[in-house]
>>> print(open('upload_28.tsv').read())   # TSV, C-alpha atoms
chain	number	residue	atom	x	y	z
A	1	MET	CA	-0.15	-39.70	-37.82
A	2	ASN	CA	-3.06	-39.81	-40.22
A	3	SER	CA	-4.81	-36.48	-40.64
A	4	PHE	CA	-7.15	-37.47	-43.46
A	5	LYS	CA	-9.47	-34.82	-44.78
A	6	LEU	CA	-11.69	-35.36	-47.81
A	7	HIS	CA	-10.61	-33.18	-50.76
A	8	PRO	CA	-12.98	-30.17	-51.00
A	9	GLN	CA	-13.80	-30.93	-54.64
A	10	LEU	CA	-14.95	-34.46	-53.76
A	11	ALA	CA	-16.91	-33.10	-50.78
A	12	LYS	CA	-18.61	-30.62	-53.12
A	13	ASP	CA	-19.38	-33.10	-55.92
A	14	CYS	CA	-20.55	-36.05	-53.82
A	15	TYR	CA	-22.77	-37.28	-51.00
A	16	HIS	CA	-20.95	-39.18	-48.21
A	17	LEU	CA	-22.94	-42.40	-47.82
A	18	GLY	CA	-20.86	-44.05	-45.10
A	19	ASP	CA	-17.61	-45.82	-44.41
A	20	PHE	CA	-15.80	-49.08	-44.95
A	21	SER	CA	-12.91	-49.73	-42.58
A	22	LEU	CA	-10.35	-48.10	-44.90
A	23	SER	CA	-12.39	-45.97	-47.30
A	24	CYS	CA	-15.30	-43.63	-47.21
A	25	LEU	CA	-17.99	-44.25	-49.78
A	26	LEU	CA	-19.24	-41.32	-51.82
A	27	LEU	CA	-22.12	-41.06	-54.29
A	28	SER	CA	-21.52	-38.67	-57.18
A	29	LYS	CA	-24.16	-35.93	-57.42
A	30	ASP	CA	-24.38	-36.71	-61.15
A	31	ALA	CA	-27.60	-38.71	-61.43
A	32	ASN	CA	-26.86	-39.81	-65.01
A	33	TYR	CA	-25.34	-43.01	-63.65
A	34	PRO	CA	-25.19	-44.89	-60.34
A	35	TRP	CA	-21.69	-43.53	-59.70
A	36	TYR	CA	-19.79	-44.32	-56.51
A	37	ILE	CA	-16.33	-43.35	-55.29
A	38	LEU	CA	-14.11	-45.00	-52.68
A	39	VAL	CA	-11.62	-42.73	-50.93
A	40	PRO	CA	-9.06	-44.38	-48.62
A	41	LYS	CA	-8.92	-42.35	-45.41
A	42	ARG	CA	-5.19	-41.75	-45.57
A	43	SER	CA	-3.53	-38.39	-46.08
A	44	ASP	CA	-1.15	-37.48	-48.90
A	45	ILE	CA	-1.82	-40.56	-51.05
A	46	SER	CA	-2.41	-40.24	-54.77
A	47	GLU	CA	-1.53	-43.72	-56.09
A	48	VAL	CA	-2.63	-47.17	-54.89
A	49	PHE	CA	1.00	-48.32	-54.61
A	50	GLN	CA	1.69	-45.61	-52.02
A	51	LEU	CA	-0.58	-47.40	-49.54
A	52	SER	CA	0.92	-50.08	-47.28
A	53	GLN	CA	0.56	-53.69	-48.41
A	54	ASP	CA	-2.21	-54.25	-45.85
A	55	GLU	CA	-4.04	-51.12	-46.96
A	56	GLN	CA	-3.78	-52.19	-50.62
A	57	LEU	CA	-5.32	-55.54	-49.74
A	58	GLN	CA	-8.11	-53.85	-47.80
A	59	LEU	CA	-8.81	-51.35	-50.61
A	60	ASN	CA	-8.95	-54.12	-53.18
A	61	ARG	CA	-11.34	-56.07	-50.93
A	62	GLU	CA	-13.60	-53.04	-50.48
A	63	SER	CA	-13.49	-52.30	-54.20
A	64	ALA	CA	-14.32	-55.87	-55.24
A	65	GLU	CA	-17.13	-56.20	-52.69
A	66	LEU	CA	-18.61	-52.86	-53.67
A	67	SER	CA	-18.37	-53.67	-57.40
A	68	GLN	CA	-20.04	-57.03	-56.97
A	69	ALA	CA	-22.85	-55.60	-54.81
A	70	LEU	CA	-23.51	-52.78	-57.29
A	71	SER	CA	-23.27	-55.03	-60.34
A	72	THR	CA	-25.80	-57.45	-58.92
A	73	GLY	CA	-28.05	-54.92	-57.18
A	74	PHE	CA	-28.32	-52.59	-60.17
A	75	ASN	CA	-28.23	-55.35	-62.77
A	76	ALA	CA	-25.31	-53.63	-64.53
A	77	ASP	CA	-24.27	-54.41	-68.08
A	78	LYS	CA	-20.73	-53.50	-67.03
A	79	MET	CA	-18.94	-51.98	-64.07
A	80	ASN	CA	-16.39	-49.26	-64.86
A	81	THR	CA	-13.68	-48.86	-62.22
A	82	ALA	CA	-10.91	-46.31	-62.41
A	83	ALA	CA	-8.35	-44.33	-60.46
A	84	LEU	CA	-7.51	-41.27	-62.55
A	85	GLY	CA	-6.86	-38.26	-60.32
A	86	ASN	CA	-5.68	-35.80	-62.97
A	87	MET	CA	-7.88	-33.08	-61.48
A	88	VAL	CA	-8.19	-34.18	-57.83
A	89	PRO	CA	-4.90	-35.70	-56.67
A	90	GLN	CA	-6.31	-37.37	-53.52
A	91	LEU	CA	-6.56	-41.10	-54.33
A	92	HIS	CA	-10.16	-42.00	-55.20
A	93	LEU	CA	-11.57	-44.99	-57.07
A	94	HIS	CA	-14.58	-44.58	-59.31
A	95	HIS	CA	-17.12	-47.43	-59.48
A	96	ILE	CA	-19.72	-46.67	-62.11
A	97	VAL	CA	-22.68	-48.86	-63.01
A	98	ARG	CA	-23.01	-48.83	-66.80
A	99	TYR	CA	-25.92	-49.79	-69.05
A	100	GLN	CA	-25.97	-50.21	-72.78
A	101	GLU	CA	-28.73	-47.62	-72.89
A	102	ASP	CA	-27.08	-45.00	-70.65
A	103	THR	CA	-26.28	-41.58	-72.09
A	104	ALA	CA	-22.54	-42.10	-72.63
A	105	TRP	CA	-22.40	-45.81	-73.59
A	106	PRO	CA	-20.00	-47.19	-74.79
A	107	ASN	CA	-17.81	-44.18	-73.99
A	108	PRO	CA	-16.32	-43.56	-70.56
A	109	VAL	CA	-18.49	-41.16	-68.54
A	110	TRP	CA	-15.96	-38.42	-67.83
A	111	GLY	CA	-16.63	-35.21	-69.71
A	112	PHE	CA	-19.27	-36.84	-71.88
A	113	THR	CA	-22.36	-34.96	-70.82
A	114	ALA	CA	-23.38	-32.34	-68.26
A	115	ALA	CA	-24.02	-33.63	-64.76
A	116	GLN	CA	-27.68	-34.03	-63.85
A	117	ALA	CA	-28.78	-33.35	-60.27
A	118	TYR	CA	-30.74	-35.89	-58.26
A	119	GLN	CA	-34.34	-35.08	-57.42
A	120	PRO	CA	-34.87	-35.41	-53.64
A	121	GLU	CA	-37.02	-38.55	-53.88
A	122	GLU	CA	-34.69	-40.11	-56.45
A	123	LEU	CA	-31.72	-39.47	-54.14
A	124	ARG	CA	-33.51	-40.96	-51.15
A	125	THR	CA	-34.37	-44.10	-53.13
A	126	ARG	CA	-30.82	-44.42	-54.44
A	127	VAL	CA	-29.25	-44.06	-51.00
A	128	LEU	CA	-31.63	-46.46	-49.26
A	129	LYS	CA	-31.08	-49.02	-52.00
A	130	THR	CA	-27.31	-48.65	-51.72
A	131	HIS	CA	-27.39	-49.07	-47.94
A	132	ALA	CA	-29.53	-52.20	-48.37
A	133	LEU	CA	-27.09	-53.64	-50.94
A	134	LEU	CA	-24.16	-53.13	-48.56
A	135	LYS	CA	-25.97	-54.46	-45.48
A	136	LEU	CA	-23.99	-57.70	-45.33
A	137	LEU	CA	-20.62	-55.99	-45.81
A	138	ALA	CA	-18.40	-54.31	-43.18
A	139	PHE	CA	-19.90	-50.93	-44.00
A	140	LYS	CA	-21.17	-48.25	-41.62
A	141	PRO	CA	-23.89	-46.16	-43.29
A	142	ASN	CA	-24.46	-42.50	-42.58
A	143	HIS	CA	-28.02	-41.59	-41.66
A	144	ILE	CA	-29.90	-40.46	-44.73
A	145	ASP	CA	-30.93	-37.17	-43.10
A	146	SER	CA	-27.26	-36.22	-42.68
A	147	LEU	CA	-26.53	-36.16	-46.43
B	1	MET	CA	-10.09	-75.79	-67.62
B	2	ASN	CA	-8.68	-72.47	-68.66
B	3	SER	CA	-8.71	-71.89	-72.41
B	4	PHE	CA	-7.60	-68.27	-72.39
B	5	LYS	CA	-7.29	-66.51	-75.71
B	6	LEU	CA	-6.53	-62.82	-76.04
B	7	HIS	CA	-9.50	-60.89	-77.44
B	8	PRO	CA	-8.84	-60.14	-81.16
B	9	GLN	CA	-9.39	-56.39	-80.66
B	10	LEU	CA	-6.69	-56.25	-77.97
B	11	ALA	CA	-4.38	-58.37	-80.14
B	12	LYS	CA	-4.93	-55.92	-83.00
B	13	ASP	CA	-4.49	-52.73	-80.96
B	14	CYS	CA	-1.49	-53.76	-78.85
B	15	TYR	CA	1.98	-55.30	-78.77
B	16	HIS	CA	2.40	-58.27	-76.40
B	17	LEU	CA	5.46	-57.39	-74.31
B	18	GLY	CA	5.54	-60.45	-72.07
B	19	ASP	CA	3.86	-62.12	-69.13
B	20	PHE	CA	3.44	-61.87	-65.40
B	21	SER	CA	2.32	-65.07	-63.71
B	22	LEU	CA	-1.39	-64.21	-64.03
B	23	SER	CA	-1.55	-61.52	-66.70
B	24	CYS	CA	-0.07	-60.79	-70.05
B	25	LEU	CA	1.32	-57.29	-70.49
B	26	LEU	CA	0.34	-55.36	-73.59
B	27	LEU	CA	1.58	-52.03	-74.94
B	28	SER	CA	-1.05	-49.97	-76.74
B	29	LYS	CA	-0.09	-49.08	-80.32
B	30	ASP	CA	-1.14	-45.49	-79.54
B	31	ALA	CA	2.17	-43.69	-79.06
B	32	ASN	CA	0.50	-40.57	-77.61
B	33	TYR	CA	1.08	-41.98	-74.11
B	34	PRO	CA	3.09	-44.77	-72.48
B	35	TRP	CA	-0.06	-46.93	-72.28
B	36	TYR	CA	0.03	-50.47	-70.91
B	37	ILE	CA	-2.68	-53.06	-70.40
B	38	LEU	CA	-2.77	-56.08	-68.09
B	39	VAL	CA	-4.98	-58.98	-69.19
B	40	PRO	CA	-5.47	-61.84	-66.71
B	41	LYS	CA	-5.04	-65.10	-68.63
B	42	ARG	CA	-8.41	-66.49	-67.60
B	43	SER	CA	-11.29	-67.18	-69.96
B	44	ASP	CA	-14.76	-65.68	-69.68
B	45	ILE	CA	-13.92	-63.03	-67.07
B	46	SER	CA	-15.11	-59.45	-67.46
B	47	GLU	CA	-15.01	-58.11	-63.90
B	48	VAL	CA	-12.25	-58.28	-61.26
B	49	PHE	CA	-14.64	-59.81	-58.72
B	50	GLN	CA	-15.22	-62.82	-61.00
B	51	LEU	CA	-11.62	-63.93	-60.42
B	52	SER	CA	-10.85	-66.20	-57.44
B	53	GLN	CA	-9.60	-64.52	-54.25
B	54	ASP	CA	-6.04	-65.67	-55.01
B	55	GLU	CA	-6.25	-64.39	-58.57
B	56	GLN	CA	-7.55	-61.02	-57.35
B	57	LEU	CA	-4.60	-60.74	-54.98
B	58	GLN	CA	-2.18	-61.62	-57.75
B	59	LEU	CA	-3.75	-59.17	-60.20
B	60	ASN	CA	-3.60	-56.39	-57.64
B	61	ARG	CA	0.04	-57.21	-56.94
B	62	GLU	CA	0.90	-57.17	-60.66
B	63	SER	CA	-1.03	-53.93	-61.15
B	64	ALA	CA	0.63	-52.15	-58.20
B	65	GLU	CA	4.11	-53.33	-59.17
B	66	LEU	CA	3.59	-52.31	-62.78
B	67	SER	CA	2.18	-48.90	-61.80
B	68	GLN	CA	5.04	-48.18	-59.46
B	69	ALA	CA	7.68	-49.23	-62.00
B	70	LEU	CA	6.09	-47.11	-64.75
B	71	SER	CA	5.49	-44.11	-62.48
B	72	THR	CA	9.13	-44.07	-61.39
B	73	GLY	CA	10.69	-45.10	-64.68
B	74	PHE	CA	8.76	-42.63	-66.81
B	75	ASN	CA	8.70	-39.90	-64.15
B	76	ALA	CA	4.89	-39.69	-64.42
B	77	ASP	CA	2.87	-36.77	-63.14
B	78	LYS	CA	0.04	-39.25	-62.54
B	79	MET	CA	-0.80	-42.86	-63.29
B	80	ASN	CA	-4.29	-43.53	-64.66
B	81	THR	CA	-5.58	-47.05	-64.01
B	82	ALA	CA	-8.93	-48.31	-65.18
B	83	ALA	CA	-11.00	-51.37	-65.98
B	84	LEU	CA	-13.76	-50.22	-68.34
B	85	GLY	CA	-14.55	-52.94	-70.89
B	86	ASN	CA	-17.58	-51.33	-72.52
B	87	MET	CA	-16.22	-52.20	-75.96
B	88	VAL	CA	-14.03	-55.25	-75.24
B	89	PRO	CA	-15.65	-57.39	-72.55
B	90	GLN	CA	-12.52	-59.44	-71.74
B	91	LEU	CA	-11.18	-58.10	-68.42
B	92	HIS	CA	-8.26	-55.77	-69.06
B	93	LEU	CA	-6.69	-53.09	-66.86
B	94	HIS	CA	-5.32	-49.93	-68.39
B	95	HIS	CA	-2.17	-48.38	-66.86
B	96	ILE	CA	-1.44	-45.08	-68.53
B	97	VAL	CA	1.48	-42.77	-67.74
B	98	ARG	CA	0.17	-39.21	-67.73
B	99	TYR	CA	2.00	-35.90	-67.99
B	100	GLN	CA	0.65	-32.41	-67.47
B	101	GLU	CA	1.86	-31.60	-70.96
B	102	ASP	CA	0.39	-34.64	-72.75
B	103	THR	CA	-2.20	-34.13	-75.46
B	104	ALA	CA	-5.29	-35.04	-73.41
B	105	TRP	CA	-4.37	-33.72	-69.95
B	106	PRO	CA	-6.28	-33.36	-67.65
B	107	ASN	CA	-8.93	-35.38	-69.49
B	108	PRO	CA	-8.97	-39.18	-69.59
B	109	VAL	CA	-7.30	-40.48	-72.75
B	110	TRP	CA	-10.15	-42.50	-74.23
B	111	GLY	CA	-11.63	-40.97	-77.35
B	112	PHE	CA	-9.73	-37.73	-76.87
B	113	THR	CA	-7.51	-37.73	-79.91
B	114	ALA	CA	-6.64	-40.03	-82.81
B	115	ALA	CA	-4.15	-42.77	-82.05
B	116	GLN	CA	-0.62	-42.11	-83.25
B	117	ALA	CA	1.51	-45.02	-84.48
B	118	TYR	CA	4.96	-45.73	-83.05
B	119	GLN	CA	7.94	-45.18	-85.32
B	120	PRO	CA	10.08	-48.37	-85.40
B	121	GLU	CA	12.98	-46.88	-83.43
B	122	GLU	CA	10.62	-45.26	-80.93
B	123	LEU	CA	8.90	-48.60	-80.38
B	124	ARG	CA	12.19	-50.40	-79.89
B	125	THR	CA	13.31	-47.83	-77.30
B	126	ARG	CA	9.97	-47.97	-75.49
B	127	VAL	CA	9.98	-51.78	-75.31
B	128	LEU	CA	13.60	-52.10	-74.18
B	129	LYS	CA	13.03	-49.45	-71.51
B	130	THR	CA	9.89	-51.25	-70.30
B	131	HIS	CA	11.69	-54.58	-70.10
B	132	ALA	CA	14.50	-52.91	-68.13
B	133	LEU	CA	12.01	-51.35	-65.70
B	134	LEU	CA	10.40	-54.74	-65.05
B	135	LYS	CA	13.67	-56.63	-64.72
B	136	LEU	CA	13.40	-57.08	-60.95
B	137	LEU	CA	9.77	-58.24	-61.09
B	138	ALA	CA	8.39	-61.72	-61.79
B	139	PHE	CA	7.93	-60.86	-65.45
B	140	LYS	CA	8.90	-62.90	-68.50
B	141	PRO	CA	9.62	-60.60	-71.47
B	142	ASN	CA	8.93	-61.53	-75.07
B	143	HIS	CA	11.87	-61.08	-77.42
B	144	ILE	CA	11.69	-57.72	-79.11
B	145	ASP	CA	11.94	-59.27	-82.57
B	146	SER	CA	8.72	-61.21	-81.92
B	147	LEU	CA	6.55	-58.10	-81.53
>>> encode(input="upload_28.tsv", output="structure tokens")
Amino acid sequence: MNSFKLHPQLAKDCYHLGDFSLSCLLLSKDANYPWYILVPKRSDISEVFQLSQDEQLQLNRESAELSQALSTGFNADKMNTAALGNMVPQLHLHHIVRYQEDTAWPNPVWGFTAAQAYQPEELRTRVLKTHALLKLLAFKPNHIDSL
Amino acid sequence: MNSFKLHPQLAKDCYHLGDFSLSCLLLSKDANYPWYILVPKRSDISEVFQLSQDEQLQLNRESAELSQALSTGFNADKMNTAALGNMVPQLHLHHIVRYQEDTAWPNPVWGFTAAQAYQPEELRTRVLKTHALLKLLAFKPNHIDSL
């Protein structure tokens, strides 16, 4: 049985933009970077290797497709992807669009600077752009008014 | 044609422990953590999605097998995996064994504290243990005297 429930810290820190077949897609509320998080909808998993072989393949597919769409759509200088989980044990994969002129470059983003909230119009633009970028993928968007 | 050459910064900062079929396995010279790096032996690649589908599958297999072997063998509290590449553009995947009592916990390791060199005997023990952990995998170890 799979009784997946998003970790409360991720639910608090992110907007839930929609779902791939395995993972839900979150947008970090930190507007300093276009910062996305994939969370496989499986309970009690904290490491990629704990997923089944099929789930690992699907996660890697979702991660690669998301990275490529974000890299192209946001004209990234570099994508940063990471599964850390020292604070929130539920497996989650960061996908962060990085620019040479962003606030933390070339450092990793974690703990570098205080989070900056999205302005409502900025959030709306970011979400609509993301949904457009993922339009050709197997992704089911949440309605923007539900965020 | 594939004219792969390890980036000089990675060559300087790491020991080359051996090779999987796609990636070479490096050990960071920072002894603060058991810190390993996979580098796919393909030239001019900086993002996972730039690899072919087959190469992506192989990289994910090598990464999952390595993570599982390290997690078990070092009794990790958490594995941290990441592809950042803001400083060294050549695609490389960090695999870091984390403990709740390590120097940076629960922060990510990058930039947290000065690197600490291995003592010769400590390095020898670490390398022999790593080779033993990978013995059942498709991994070709370099002789310890060549490091």
>>> closest_residue(input="upload_28.tsv", among="A:Gln53, A:Asn2, A:Asn80, A:Thr72", to="A:Ile37", atoms="all atoms listed in the file")
A:Asn80
>>> interface_residues(input="upload_28.tsv", of="chain A", to="chain B", cutoff="7 Å", atoms="only C-alpha atoms", output="ChimeraX atom specification")
/A:48-49,64,68,78-84,86-87,106
>>> atom_distance(input="upload_28.tsv", atom1="atom CA of A:Pro40", atom2="atom CA of A:Asn75")
26.2 Å
>>> residues_near_point(input="upload_28.tsv", point="(9.8, -47.7, -76.4)", cutoff="12 Å", atoms="all atoms listed in the file", output="count of residues only")
31
>>> atom_distance(input="upload_28.tsv", atom1="atom CA of A:Ser23", atom2="atom CA of A:Gln9")
16.8 Å
>>> atom_distance(input="upload_28.tsv", atom1="atom CA of A:Leu6", atom2="atom CA of B:Ala76")
23.9 Å
>>> axis_aligned_box(input="upload_28.tsv", around="stretch 40-43 of chain A", padding_each_side="5 Å", output="JSON")
{"center_x": -6.3, "center_y": -41.4, "center_z": -47.0, "size_x": 15.5, "size_y": 16.0, "size_z": 13.2}
>>> residues_around(input="upload_28.tsv", residues="B:Lys5", least_positions_apart="3", cutoff="10 Å", atoms="all atoms listed in the file", output="PDB file with C-alpha atoms, in the coordinates of the input")
ATOM      1  CA  ASN B   2      -8.680 -72.470 -68.660  1.00  0.00           C
ATOM      2  CA  PRO B   8      -8.840 -60.140 -81.160  1.00  0.00           C
ATOM      3  CA  ALA B  11      -4.380 -58.370 -80.140  1.00  0.00           C
ATOM      4  CA  LYS B  41      -5.040 -65.100 -68.630  1.00  0.00           C
ATOM      5  CA  ARG B  42      -8.410 -66.490 -67.600  1.00  0.00           C
ATOM      6  CA  SER B  43     -11.290 -67.180 -69.960  1.00  0.00           C
ATOM      7  CA  ASP B  44     -14.760 -65.680 -69.680  1.00  0.00           C
ATOM      8  CA  GLN B  90     -12.520 -59.440 -71.740  1.00  0.00           C
TER       9      GLN B  90
END
>>> closest_residue(input="upload_28.tsv", among="A:Val39, A:Thr113, A:Thr103, A:Asp145", to="A:Asp19", atoms="only C-alpha atoms")
A:Val39
